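Source file: input_26.txt. Holds: compact mmCIF, N, CA and C atoms and all ligand atoms.
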```
# COMPACT_ATOMS: atom_id res chain seq x y z
N MET A 276 -63.21 37.84 -69.48
CA MET A 276 -62.91 36.44 -69.78
C MET A 276 -62.70 35.65 -68.48
N GLU A 277 -63.35 34.52 -68.40
CA GLU A 277 -63.25 33.71 -67.20
C GLU A 277 -61.96 32.88 -67.24
N THR A 278 -61.29 32.85 -66.14
CA THR A 278 -60.07 32.04 -66.09
C THR A 278 -60.12 31.11 -64.88
N LYS A 279 -59.33 30.06 -64.96
CA LYS A 279 -59.24 29.09 -63.86
C LYS A 279 -57.77 28.76 -63.64
N ILE A 280 -57.48 28.35 -62.45
CA ILE A 280 -56.11 27.93 -62.17
C ILE A 280 -56.08 26.41 -62.09
N CYS A 281 -55.20 25.85 -62.89
CA CYS A 281 -55.08 24.39 -62.95
C CYS A 281 -54.44 23.89 -61.67
N THR A 282 -55.04 22.88 -61.07
CA THR A 282 -54.50 22.35 -59.81
C THR A 282 -53.24 21.52 -60.04
N LYS A 283 -52.99 21.18 -61.32
CA LYS A 283 -51.83 20.34 -61.60
C LYS A 283 -50.60 21.20 -61.92
N CYS A 284 -50.73 22.01 -63.00
CA CYS A 284 -49.56 22.79 -63.40
C CYS A 284 -49.55 24.17 -62.75
N GLY A 285 -50.69 24.55 -62.12
CA GLY A 285 -50.76 25.81 -61.41
C GLY A 285 -50.85 27.03 -62.29
N GLU A 286 -51.09 26.82 -63.58
CA GLU A 286 -51.18 27.95 -64.50
C GLU A 286 -52.60 28.46 -64.57
N GLU A 287 -52.71 29.77 -64.76
CA GLU A 287 -54.02 30.36 -64.94
C GLU A 287 -54.36 30.30 -66.42
N LYS A 288 -55.50 29.67 -66.72
CA LYS A 288 -55.87 29.49 -68.12
C LYS A 288 -57.32 29.84 -68.33
N GLU A 289 -57.65 30.09 -69.60
CA GLU A 289 -59.05 30.34 -69.94
C GLU A 289 -59.88 29.11 -69.59
N SER A 290 -61.12 29.36 -69.21
CA SER A 290 -61.96 28.22 -68.81
C SER A 290 -62.19 27.28 -69.98
N SER A 291 -61.98 27.76 -71.20
CA SER A 291 -62.14 26.88 -72.36
C SER A 291 -61.01 25.85 -72.42
N SER A 292 -59.94 26.09 -71.66
CA SER A 292 -58.83 25.14 -71.61
C SER A 292 -59.10 24.02 -70.61
N PHE A 293 -60.25 24.11 -69.95
CA PHE A 293 -60.60 23.08 -68.98
C PHE A 293 -61.84 22.33 -69.47
N SER A 294 -61.87 21.05 -69.20
CA SER A 294 -63.11 20.32 -69.44
C SER A 294 -64.10 20.73 -68.37
N LYS A 295 -65.37 20.68 -68.70
CA LYS A 295 -66.40 21.11 -67.77
C LYS A 295 -66.27 20.41 -66.42
N GLY A 296 -66.23 21.19 -65.35
CA GLY A 296 -66.22 20.63 -64.00
C GLY A 296 -64.89 20.05 -63.57
N LYS A 297 -63.85 20.22 -64.40
CA LYS A 297 -62.54 19.66 -64.04
C LYS A 297 -61.65 20.75 -63.47
N LYS A 298 -60.80 20.37 -62.55
CA LYS A 298 -59.91 21.34 -61.92
C LYS A 298 -58.55 21.34 -62.61
N GLN A 299 -58.33 20.37 -63.48
CA GLN A 299 -57.07 20.33 -64.22
C GLN A 299 -57.33 20.72 -65.67
N CYS A 300 -56.34 21.40 -66.26
CA CYS A 300 -56.52 21.84 -67.63
C CYS A 300 -56.47 20.64 -68.58
N LYS A 301 -56.95 20.87 -69.80
CA LYS A 301 -57.03 19.79 -70.78
C LYS A 301 -55.65 19.18 -71.05
N LEU A 302 -54.65 20.06 -71.08
CA LEU A 302 -53.30 19.59 -71.36
C LEU A 302 -52.81 18.62 -70.29
N CYS A 303 -53.03 19.00 -69.03
CA CYS A 303 -52.60 18.15 -67.92
C CYS A 303 -53.38 16.85 -67.92
N GLN A 304 -54.64 16.93 -68.27
CA GLN A 304 -55.46 15.72 -68.30
C GLN A 304 -54.98 14.78 -69.38
N LYS A 305 -54.62 15.38 -70.51
CA LYS A 305 -54.12 14.58 -71.62
C LYS A 305 -52.84 13.85 -71.20
N GLU A 306 -51.98 14.61 -70.55
CA GLU A 306 -50.72 14.05 -70.08
C GLU A 306 -50.99 12.94 -69.08
N TYR A 307 -51.94 13.22 -68.19
CA TYR A 307 -52.26 12.26 -67.14
C TYR A 307 -52.76 10.96 -67.77
N ARG A 308 -53.65 11.11 -68.77
CA ARG A 308 -54.19 9.93 -69.43
C ARG A 308 -53.10 9.14 -70.14
N ALA A 309 -52.20 9.87 -70.81
CA ALA A 309 -51.10 9.22 -71.52
C ALA A 309 -50.22 8.45 -70.54
N ASN A 310 -49.91 9.10 -69.43
CA ASN A 310 -49.09 8.46 -68.40
C ASN A 310 -49.79 7.25 -67.82
N TYR A 311 -51.07 7.43 -67.57
CA TYR A 311 -51.85 6.34 -66.98
C TYR A 311 -51.83 5.14 -67.93
N TYR A 312 -52.02 5.44 -69.19
CA TYR A 312 -52.04 4.37 -70.20
C TYR A 312 -50.70 3.64 -70.23
N LYS A 313 -49.62 4.45 -70.23
CA LYS A 313 -48.27 3.87 -70.28
C LYS A 313 -48.03 3.00 -69.04
N LEU A 314 -48.39 3.59 -67.87
CA LEU A 314 -48.21 2.89 -66.61
C LEU A 314 -49.01 1.60 -66.59
N HIS A 315 -50.24 1.74 -67.02
CA HIS A 315 -51.16 0.61 -67.01
C HIS A 315 -50.65 -0.49 -67.92
N LYS A 316 -50.16 -0.07 -69.08
CA LYS A 316 -49.64 -1.02 -70.06
C LYS A 316 -48.47 -1.80 -69.47
N GLN A 317 -47.56 -1.03 -68.85
CA GLN A 317 -46.37 -1.63 -68.23
C GLN A 317 -46.79 -2.61 -67.14
N GLU A 318 -47.76 -2.18 -66.34
CA GLU A 318 -48.25 -2.99 -65.24
C GLU A 318 -48.84 -4.29 -65.77
N GLU A 319 -49.59 -4.18 -66.79
CA GLU A 319 -50.24 -5.33 -67.40
C GLU A 319 -49.19 -6.33 -67.87
N LYS A 320 -48.16 -5.80 -68.50
CA LYS A 320 -47.07 -6.63 -69.00
C LYS A 320 -46.38 -7.35 -67.85
N GLU A 321 -46.11 -6.57 -66.78
CA GLU A 321 -45.45 -7.16 -65.62
C GLU A 321 -46.31 -8.23 -64.99
N ASN A 322 -47.60 -7.94 -64.89
CA ASN A 322 -48.51 -8.93 -64.30
C ASN A 322 -48.50 -10.21 -65.12
N ARG A 323 -48.50 -10.05 -66.41
CA ARG A 323 -48.49 -11.21 -67.29
C ARG A 323 -47.20 -12.01 -67.10
N ASN A 324 -46.09 -11.29 -67.05
CA ASN A 324 -44.80 -11.96 -66.86
C ASN A 324 -44.78 -12.71 -65.54
N LYS A 325 -45.30 -12.03 -64.50
CA LYS A 325 -45.35 -12.64 -63.17
C LYS A 325 -46.20 -13.90 -63.23
N TYR A 326 -47.31 -13.77 -63.87
CA TYR A 326 -48.26 -14.88 -63.96
C TYR A 326 -47.60 -16.08 -64.63
N TYR A 327 -46.90 -15.82 -65.70
CA TYR A 327 -46.27 -16.91 -66.43
C TYR A 327 -45.06 -17.48 -65.70
N LYS A 328 -44.49 -16.63 -64.81
CA LYS A 328 -43.37 -17.13 -64.02
C LYS A 328 -43.89 -18.12 -62.99
N ILE A 329 -45.07 -17.81 -62.46
CA ILE A 329 -45.68 -18.68 -61.45
C ILE A 329 -46.27 -19.92 -62.13
N HIS A 330 -46.81 -19.71 -63.32
CA HIS A 330 -47.44 -20.82 -64.05
C HIS A 330 -46.76 -21.04 -65.40
N PRO A 331 -45.53 -21.52 -65.36
CA PRO A 331 -44.80 -21.65 -66.63
C PRO A 331 -45.48 -22.61 -67.60
N GLU A 332 -46.22 -23.56 -67.06
CA GLU A 332 -46.88 -24.54 -67.95
C GLU A 332 -47.95 -23.87 -68.80
N LYS A 333 -48.51 -22.76 -68.27
CA LYS A 333 -49.53 -22.03 -69.03
C LYS A 333 -48.91 -21.38 -70.25
N LEU A 334 -47.74 -20.79 -70.04
CA LEU A 334 -47.05 -20.13 -71.14
C LEU A 334 -46.67 -21.15 -72.20
N LYS A 335 -46.20 -22.29 -71.74
CA LYS A 335 -45.84 -23.35 -72.66
C LYS A 335 -47.05 -23.78 -73.47
N ALA A 336 -48.19 -23.89 -72.78
CA ALA A 336 -49.42 -24.29 -73.46
C ALA A 336 -49.78 -23.27 -74.53
N VAL A 337 -49.64 -21.98 -74.19
CA VAL A 337 -49.98 -20.94 -75.15
C VAL A 337 -49.06 -21.03 -76.35
N ASN A 338 -47.76 -21.15 -76.07
CA ASN A 338 -46.80 -21.24 -77.16
C ASN A 338 -47.05 -22.46 -78.03
N LYS A 339 -47.38 -23.56 -77.37
CA LYS A 339 -47.62 -24.79 -78.10
C LYS A 339 -48.85 -24.63 -79.00
N ASN A 340 -49.87 -23.99 -78.42
CA ASN A 340 -51.07 -23.76 -79.22
C ASN A 340 -50.76 -22.94 -80.45
N ASN A 341 -49.99 -21.89 -80.25
CA ASN A 341 -49.63 -21.04 -81.38
C ASN A 341 -48.85 -21.83 -82.41
N TYR A 342 -47.94 -22.65 -81.90
CA TYR A 342 -47.11 -23.44 -82.80
C TYR A 342 -47.96 -24.39 -83.61
N GLU A 343 -48.88 -25.07 -82.91
CA GLU A 343 -49.74 -26.02 -83.60
C GLU A 343 -50.59 -25.31 -84.65
N LYS A 344 -51.09 -24.14 -84.26
CA LYS A 344 -51.93 -23.37 -85.17
C LYS A 344 -51.14 -22.97 -86.41
N ASN A 345 -49.92 -22.49 -86.15
CA ASN A 345 -49.08 -22.05 -87.27
C ASN A 345 -48.73 -23.22 -88.17
N LYS A 346 -48.47 -24.37 -87.53
CA LYS A 346 -48.10 -25.55 -88.30
C LYS A 346 -49.23 -25.90 -89.27
N GLU A 347 -50.43 -25.88 -88.70
CA GLU A 347 -51.61 -26.21 -89.51
C GLU A 347 -51.73 -25.22 -90.67
N GLU A 348 -51.52 -23.95 -90.35
CA GLU A 348 -51.63 -22.92 -91.37
C GLU A 348 -50.59 -23.10 -92.45
N ARG A 349 -49.37 -23.42 -92.01
CA ARG A 349 -48.28 -23.59 -92.98
C ARG A 349 -48.59 -24.77 -93.90
N ARG A 350 -49.13 -25.83 -93.30
CA ARG A 350 -49.44 -27.01 -94.09
C ARG A 350 -50.51 -26.67 -95.12
N GLU A 351 -51.54 -25.94 -94.66
CA GLU A 351 -52.61 -25.53 -95.56
C GLU A 351 -52.05 -24.71 -96.71
N TYR A 352 -51.18 -23.80 -96.35
CA TYR A 352 -50.60 -22.91 -97.36
C TYR A 352 -49.80 -23.72 -98.38
N ALA A 353 -49.03 -24.66 -97.89
CA ALA A 353 -48.21 -25.47 -98.79
C ALA A 353 -49.10 -26.28 -99.72
N LYS A 354 -50.18 -26.80 -99.15
CA LYS A 354 -51.10 -27.59 -99.95
C LYS A 354 -51.71 -26.72 -101.05
N LYS A 355 -52.16 -25.54 -100.65
CA LYS A 355 -52.77 -24.61 -101.60
C LYS A 355 -51.78 -24.25 -102.68
N TYR A 356 -50.59 -23.92 -102.24
CA TYR A 356 -49.56 -23.50 -103.17
C TYR A 356 -49.28 -24.63 -104.17
N TYR A 357 -49.22 -25.83 -103.65
CA TYR A 357 -48.92 -26.96 -104.53
C TYR A 357 -50.05 -27.17 -105.52
N ASN A 358 -51.30 -27.08 -105.05
CA ASN A 358 -52.43 -27.28 -105.94
C ASN A 358 -52.44 -26.27 -107.07
N ILE A 359 -52.17 -25.03 -106.73
CA ILE A 359 -52.20 -23.97 -107.74
C ILE A 359 -51.08 -24.18 -108.74
N ASN A 360 -49.91 -24.57 -108.22
CA ASN A 360 -48.73 -24.64 -109.07
C ASN A 360 -48.35 -26.07 -109.45
N ALA A 361 -49.28 -27.00 -109.22
CA ALA A 361 -48.93 -28.40 -109.44
C ALA A 361 -48.34 -28.63 -110.82
N ASP A 362 -48.99 -28.07 -111.84
CA ASP A 362 -48.51 -28.27 -113.20
C ASP A 362 -47.11 -27.69 -113.39
N THR A 363 -46.94 -26.48 -112.89
CA THR A 363 -45.64 -25.83 -113.02
C THR A 363 -44.58 -26.64 -112.31
N ILE A 364 -44.92 -27.11 -111.11
CA ILE A 364 -43.93 -27.87 -110.34
C ILE A 364 -43.56 -29.15 -111.09
N LYS A 365 -44.57 -29.83 -111.63
CA LYS A 365 -44.29 -31.06 -112.37
C LYS A 365 -43.43 -30.77 -113.59
N GLU A 366 -43.78 -29.71 -114.32
CA GLU A 366 -43.02 -29.33 -115.51
C GLU A 366 -41.55 -29.09 -115.15
N THR A 367 -41.37 -28.30 -114.09
CA THR A 367 -40.02 -27.95 -113.66
C THR A 367 -39.24 -29.20 -113.31
N ARG A 368 -39.92 -30.13 -112.61
CA ARG A 368 -39.24 -31.35 -112.21
C ARG A 368 -38.81 -32.14 -113.45
N LYS A 369 -39.73 -32.23 -114.43
CA LYS A 369 -39.43 -32.95 -115.66
C LYS A 369 -38.21 -32.34 -116.35
N LYS A 370 -38.27 -31.00 -116.48
CA LYS A 370 -37.18 -30.28 -117.13
C LYS A 370 -35.88 -30.56 -116.42
N ASN A 371 -35.93 -30.50 -115.09
CA ASN A 371 -34.73 -30.70 -114.28
C ASN A 371 -34.15 -32.09 -114.53
N THR A 372 -35.02 -33.08 -114.60
CA THR A 372 -34.52 -34.44 -114.83
C THR A 372 -33.86 -34.52 -116.19
N LYS A 373 -34.49 -33.89 -117.20
CA LYS A 373 -33.91 -33.90 -118.55
C LYS A 373 -32.53 -33.27 -118.52
N ILE A 374 -32.46 -32.12 -117.89
CA ILE A 374 -31.18 -31.40 -117.85
C ILE A 374 -30.13 -32.26 -117.17
N THR A 375 -30.51 -32.88 -116.05
CA THR A 375 -29.54 -33.69 -115.32
C THR A 375 -29.05 -34.84 -116.19
N ARG A 376 -29.99 -35.45 -116.91
CA ARG A 376 -29.61 -36.57 -117.75
C ARG A 376 -28.61 -36.12 -118.82
N LYS A 377 -28.95 -34.96 -119.43
CA LYS A 377 -28.08 -34.42 -120.48
C LYS A 377 -26.70 -34.11 -119.92
N THR A 378 -26.69 -33.47 -118.77
CA THR A 378 -25.44 -33.10 -118.14
C THR A 378 -24.60 -34.33 -117.85
N LYS A 379 -25.28 -35.35 -117.33
CA LYS A 379 -24.57 -36.58 -117.01
C LYS A 379 -23.95 -37.18 -118.27
N LEU A 380 -24.72 -37.16 -119.37
CA LEU A 380 -24.22 -37.68 -120.63
C LEU A 380 -22.99 -36.91 -121.09
N ASN A 381 -23.09 -35.60 -121.00
CA ASN A 381 -21.96 -34.75 -121.39
C ASN A 381 -20.72 -35.07 -120.56
N ILE A 382 -20.94 -35.22 -119.28
CA ILE A 382 -19.81 -35.53 -118.40
C ILE A 382 -19.18 -36.85 -118.82
N GLN A 383 -20.06 -37.81 -119.10
CA GLN A 383 -19.58 -39.13 -119.51
C GLN A 383 -18.74 -38.99 -120.80
N LYS A 384 -19.30 -38.22 -121.76
CA LYS A 384 -18.58 -38.01 -123.02
C LYS A 384 -17.22 -37.40 -122.79
N ASN A 385 -17.19 -36.40 -121.96
CA ASN A 385 -15.93 -35.72 -121.66
C ASN A 385 -14.92 -36.68 -121.06
N ILE A 386 -15.40 -37.51 -120.18
CA ILE A 386 -14.52 -38.48 -119.53
C ILE A 386 -13.95 -39.42 -120.59
N GLU A 387 -14.86 -39.89 -121.48
CA GLU A 387 -14.42 -40.80 -122.53
C GLU A 387 -13.37 -40.14 -123.41
N LYS A 388 -13.67 -38.86 -123.78
CA LYS A 388 -12.73 -38.11 -124.62
C LYS A 388 -11.37 -38.04 -123.97
N ASN A 389 -11.39 -37.65 -122.70
CA ASN A 389 -10.14 -37.48 -121.95
C ASN A 389 -9.34 -38.78 -121.86
N THR A 390 -10.07 -39.85 -121.60
CA THR A 390 -9.37 -41.14 -121.49
C THR A 390 -8.80 -41.54 -122.83
N HIS A 391 -9.50 -41.13 -123.92
CA HIS A 391 -9.06 -41.48 -125.25
C HIS A 391 -7.74 -40.81 -125.59
N ILE A 392 -7.69 -39.50 -125.21
CA ILE A 392 -6.47 -38.74 -125.49
C ILE A 392 -5.29 -39.37 -124.77
N LYS A 393 -5.53 -39.76 -123.57
CA LYS A 393 -4.48 -40.35 -122.77
C LYS A 393 -4.10 -41.69 -123.40
ZN ZN A 401 -52.52 22.15 -66.18
```

Structure encoded using structure tokens:
Amino acid sequence: METKICTKCGEEKESSSFSKGKKQCKLCQKEYRANYYKLHKQEEKENRNKYYKIHPEKLKAVNKNNYEKNKEERREYAKKYYNINADTIKETRKKNTKITRKTKLNIQKNIEKNTHIK
């Protein structure tokens, strides 16, 4: 069985544990890639933060754009929602007015009753 020594972890492993032509074992390579990705990600984030620190107006513009976009979306959604439920909303409003009127009448009656007793 052919074996190779990994230049990273220094372990002797079967050549099947190595990618063709690589001096590091697959495990070390995987780790390296994961680390690289993490490092790269962090770096990217830092670069972005730095960039926005130097150009704060750019960040504001981005935020504003998002806000405007969201506003538009929210408005669209509200419009859609209202169109779909227009009848229900109108019905509910009508019912609510009826109830309020009735309640007001009851309150008035109660007041009259109370004043009468007195
Ligand atoms: Zn290794």

Using DSSP secondary structure from the backbone, list all strand (DSSP E) positions within chain A, as a PyMOL selection string.
chain A and resi 278-280+287-289

Which centre and which edge lengths, in Å to one decimal, describe the axis-aligned box that holds all listed atoms of segment 372-384 of chain A after 6 Å is added on each side, as AutoDock Vina command-line options?
```
--center_x -26.1 --center_y -35.3 --center_z -118.8 --size_x 29.8 --size_y 19.7 --size_z 20.4
```

Name each residue within 10 Å of ligand ZN 401 (chain A), counting only C-alpha atoms and all ligand atoms, as a ChimeraX atom specification.
/A:279-288,292-293,298-307

DSSP alpha helix (DSSP H) residues within chain A, as an MDAnalysis selection string
chainID A and resid 301:329 331:392

What would segment 301-330 of chain A look like if you wrote it out as a CSV table (one decimal), in the first residue's frame, with N, CA and C atoms included, from the block I just posted?
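Wrote it out as selection26.csv, contents follow:
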```csv
chain,number,residue,atom,x,y,z
A,301,LYS,N,-6.4,15.2,2.5
A,301,LYS,CA,-7.7,15.8,2.2
A,301,LYS,C,-8.3,16.5,3.4
A,302,LEU,N,-8.0,15.9,4.6
A,302,LEU,CA,-8.6,16.5,5.8
A,302,LEU,C,-8.0,17.9,6.0
A,303,CYS,N,-6.7,18.0,5.9
A,303,CYS,CA,-6.0,19.3,6.1
A,303,CYS,C,-6.4,20.3,5.0
A,304,GLN,N,-6.7,19.8,3.8
A,304,GLN,CA,-7.1,20.7,2.8
A,304,GLN,C,-8.5,21.2,3.1
A,305,LYS,N,-9.3,20.3,3.6
A,305,LYS,CA,-10.7,20.7,3.9
A,305,LYS,C,-10.7,21.8,5.0
A,306,GLU,N,-9.8,21.5,6.0
A,306,GLU,CA,-9.7,22.5,7.1
A,306,GLU,C,-9.2,23.8,6.6
A,307,TYR,N,-8.2,23.7,5.7
A,307,TYR,CA,-7.6,24.9,5.1
A,307,TYR,C,-8.6,25.7,4.4
A,308,ARG,N,-9.4,25.0,3.6
A,308,ARG,CA,-10.5,25.7,2.8
A,308,ARG,C,-11.5,26.4,3.7
A,309,ALA,N,-11.9,25.6,4.8
A,309,ALA,CA,-12.9,26.2,5.7
A,309,ALA,C,-12.3,27.4,6.4
A,310,ASN,N,-11.0,27.3,6.8
A,310,ASN,CA,-10.4,28.5,7.4
A,310,ASN,C,-10.3,29.7,6.5
A,311,TYR,N,-9.9,29.3,5.3
A,311,TYR,CA,-9.7,30.4,4.2
A,311,TYR,C,-11.1,31.1,4.0
A,312,TYR,N,-12.1,30.3,4.0
A,312,TYR,CA,-13.5,30.8,3.7
A,312,TYR,C,-13.8,31.8,4.9
A,313,LYS,N,-13.6,31.3,6.1
A,313,LYS,CA,-13.9,32.0,7.3
A,313,LYS,C,-13.2,33.4,7.3
A,314,LEU,N,-11.8,33.2,7.1
A,314,LEU,CA,-11.0,34.4,7.1
A,314,LEU,C,-11.4,35.4,6.0
A,315,HIS,N,-11.7,34.8,4.8
A,315,HIS,CA,-12.0,35.6,3.7
A,315,HIS,C,-13.3,36.4,4.0
A,316,LYS,N,-14.3,35.7,4.6
A,316,LYS,CA,-15.6,36.2,4.9
A,316,LYS,C,-15.4,37.4,5.9
A,317,GLN,N,-14.6,37.2,6.9
A,317,GLN,CA,-14.3,38.2,7.9
A,317,GLN,C,-13.7,39.4,7.3
A,318,GLU,N,-12.7,39.1,6.4
A,318,GLU,CA,-12.0,40.2,5.7
A,318,GLU,C,-12.9,41.0,4.9
A,319,GLU,N,-13.8,40.4,4.2
A,319,GLU,CA,-14.7,41.0,3.3
A,319,GLU,C,-15.6,41.9,4.1
A,320,LYS,N,-16.1,41.4,5.3
A,320,LYS,CA,-16.9,42.2,6.2
A,320,LYS,C,-16.2,43.5,6.7
A,321,GLU,N,-14.9,43.2,7.1
A,321,GLU,CA,-14.1,44.3,7.6
A,321,GLU,C,-13.9,45.4,6.5
A,322,ASN,N,-13.6,44.9,5.3
A,322,ASN,CA,-13.4,45.8,4.2
A,322,ASN,C,-14.6,46.6,3.9
A,323,ARG,N,-15.8,46.0,4.0
A,323,ARG,CA,-17.0,46.7,3.8
A,323,ARG,C,-17.2,47.8,4.8
A,324,ASN,N,-17.0,47.4,6.1
A,324,ASN,CA,-17.1,48.3,7.2
A,324,ASN,C,-16.2,49.5,7.0
A,325,LYS,N,-15.0,49.2,6.6
A,325,LYS,CA,-14.0,50.2,6.4
A,325,LYS,C,-14.5,51.2,5.3
A,326,TYR,N,-14.9,50.6,4.3
A,326,TYR,CA,-15.4,51.3,3.1
A,326,TYR,C,-16.5,52.3,3.5
A,327,TYR,N,-17.4,51.8,4.3
A,327,TYR,CA,-18.6,52.6,4.7
A,327,TYR,C,-18.2,53.6,5.7
A,328,LYS,N,-17.1,53.4,6.4
A,328,LYS,CA,-16.6,54.3,7.4
A,328,LYS,C,-16.0,55.5,6.6
A,329,ILE,N,-15.3,55.2,5.5
A,329,ILE,CA,-14.7,56.3,4.7
A,329,ILE,C,-15.8,57.0,3.9
A,330,HIS,N,-16.8,56.2,3.5
A,330,HIS,CA,-17.8,56.8,2.6
A,330,HIS,C,-19.2,56.6,3.3
```
